[in-house]
Every structure is written in structure tokens, then in C-alpha cells.
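Scroll down for the structure; my scribbles are underneath it.
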Amino acid sequence: MRTIKLSNGKSVEVECLSCAITSGLIEPDGGVVYETEHFHAHQDVAYPIKGLIILASKRHIKSFDELTEAEQLDYIQVLTKIRRAQRQTLGIEYVYYFYNEDTTHHFHTWMVPRYEWMYDFGRSVESVRPVLLHARRERNGEEDIQEVMKALDALEIALNT
Ligand SMILES: [Zn+2]
């Protein structure tokens, strides 16, 4: 078990955060943005960045090569759909995608939008970790959260209509 600190300040103890979220045990802030048979998209609970999406598999797997064919197809279609919605709804020009296999959570892909303010932390991918930490520590005020939630609502509508 490990303790996860949520962006609302509360802490929860879980075995696998991705399982807890995709099964509905933990309701991520802003709820489920989009869901398919195999995947579950939500705003990351700890990093308040507008339009940041975590796409998690519903199955407890670690690696890309564990995806079934149906999951592979679903994955690329969902990623594409979310990316399109980020562009059309929030005007997001660039997104960083990453997933890591040495994690205590299961298979999930981060979709991190690039914003102007992030240039203070570096030109490209080297800025991602500092940007995430900065968002968690400094962009966590009530207004920041409201903006994040507004963006999330817009994405949710775009993805589900
Ligand atoms: Zn899991």
C-alpha cells in the first residue's frame, strides 16, 4: 500500500492508483472525462494543469506489449480523439505524451499540454518534471483549480457529444 496525496489535500491509501481510479474506488477531481470498454481518461489528481489528461487502461498491466489487439486499437483511437478535443476545444498546440513502466501504478499515458508559461522551465521535454512540480506547488489556488475544472468540463462535453 502507498499513500497518495490528492490535489484537494486529502490522502488515500491504495495498492494501485490506476486500479482505484478506473474501478471508481477513487473519484478523480473532475470525474471521468471519457471512457471506453478498455480505457479510462481523467485529469491527473495531483497536477493542476489545464487539459492535462491521464489515459489509463482498465486492466492491471504494466507494459505496451501486454495490450491485446482490441486494446491497442482502442488506445490509439482514444488518444487521437482526446488530442483532437484538446486542440479544438482548448486550442492546445503541443502535447507531450509519456508513460513509464517502472511505476507502482498500472499502464497509463500522460498527455501534458505545452503552455507559454512552461518556457520558464525549459525549452522542451526537459521542462516536464519541473513544470508538473511547479503546477502542484504554485498553481494550486482556487482560481487555478476553477480554470482547470472549466477546461475539463469543456473537454468532457467535446468528447461525449
Ligand atoms: Zn492497477
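Residue names in the C-alpha cells use chain letters A, B, ... in the order shown, residue numbers from 1 in each chain, and ligand numbers from 1 in the order shown.
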
Problem - All residues 12 Å or closer to Asp65 in chain A, only C-alpha atoms, same chain fewer than 4 positions away omitted, as a count of residues only - result: 6

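Restricting the atom set to only C-alpha atoms and all ligand atoms, one finds that the residues within 8 Å of ligand 1 amount to Glu15, Cys16, Leu17, Ser18, Cys19, Ala20, Lys58, Arg59, His60, Ile61, His105, His106 and Phe107 of chain A.
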
Range 32-90 of chain A: which residues are alpha helix (DSSP H) by DSSP, as a CSV table (one decimal) with C-alpha atoms, in the first residue's frame?
chain,number,residue,atom,x,y,z
A,69,GLU,CA,-5.3,-6.2,-30.2
A,70,ALA,CA,-8.6,-4.8,-29.2
A,71,GLU,CA,-6.9,-2.7,-26.5
A,72,GLN,CA,-4.3,-1.5,-29.0
A,73,LEU,CA,-6.9,-0.3,-31.4
A,74,ASP,CA,-9.0,1.3,-28.6
A,75,TYR,CA,-5.9,3.0,-27.3
A,76,ILE,CA,-4.9,4.8,-30.5
A,77,GLN,CA,-8.4,5.8,-31.2
A,78,VAL,CA,-9.0,7.3,-27.8
A,79,LEU,CA,-5.6,9.1,-27.8
A,80,THR,CA,-6.5,10.6,-31.2
A,81,LYS,CA,-9.9,11.6,-30.0
A,82,ILE,CA,-8.6,13.3,-26.9
A,83,ARG,CA,-5.8,15.0,-28.8
A,84,ARG,CA,-8.3,16.4,-31.3
A,85,ALA,CA,-10.6,17.7,-28.5
A,86,GLN,CA,-7.6,19.3,-26.7
A,87,ARG,CA,-6.8,21.2,-29.9
A,88,GLN,CA,-10.3,22.1,-30.9
A,89,THR,CA,-11.7,22.9,-27.5
A,90,LEU,CA,-8.7,24.3,-25.7

Handout entry: Counting only C-alpha atoms, the option among A:Ile54, A:Leu67, A:Leu132, A:Ala158 closest to Gly31 in chain A
Key = A:Ile54

Handout entry: Interatomic distance, CA of Ala56 in chain A to CA of Lys10 in chain A (Å, one decimal)
Key = 21.7 Å

Exercise for the section: Work out how far apart CA of Arg136 in chain A and CA of Met118 in chain A are and give it in Å to one decimal. Expected result: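 That distance, rounded to one decimal, is 13.4 Å.
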
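In terms of minimum interatomic distance to Val14 in chain A, A:Ile26 ranks closest within A:Ala151, A:Leu52, A:Ile92, A:Ile26, counting only C-alpha atoms.
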
Handout entry: strand (DSSP E or B) positions in range 88-150 of chain A, given as a list in words
Key =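 DSSP-assigned strand (DSSP E or B) residues in range 88-150 of chain A: Val95, Tyr96, Tyr97, Phe98, His108, Thr109, Trp110, Met111, Val112 and Pro113 of chain A.
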
Problem - Residue nearest Leu133 in chain A among A:Ser11, A:Phe121, A:Thr161, A:Glu27 (counting only C-alpha atoms) - result: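 Using only C-alpha atoms, Leu133 in chain A sits closest to A:Phe121.
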
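Closest approach to Leu25 in chain A among A:Ser57, A:Val12, A:Asn160, A:Lys50 is made by A:Val12 (distances from only C-alpha atoms).
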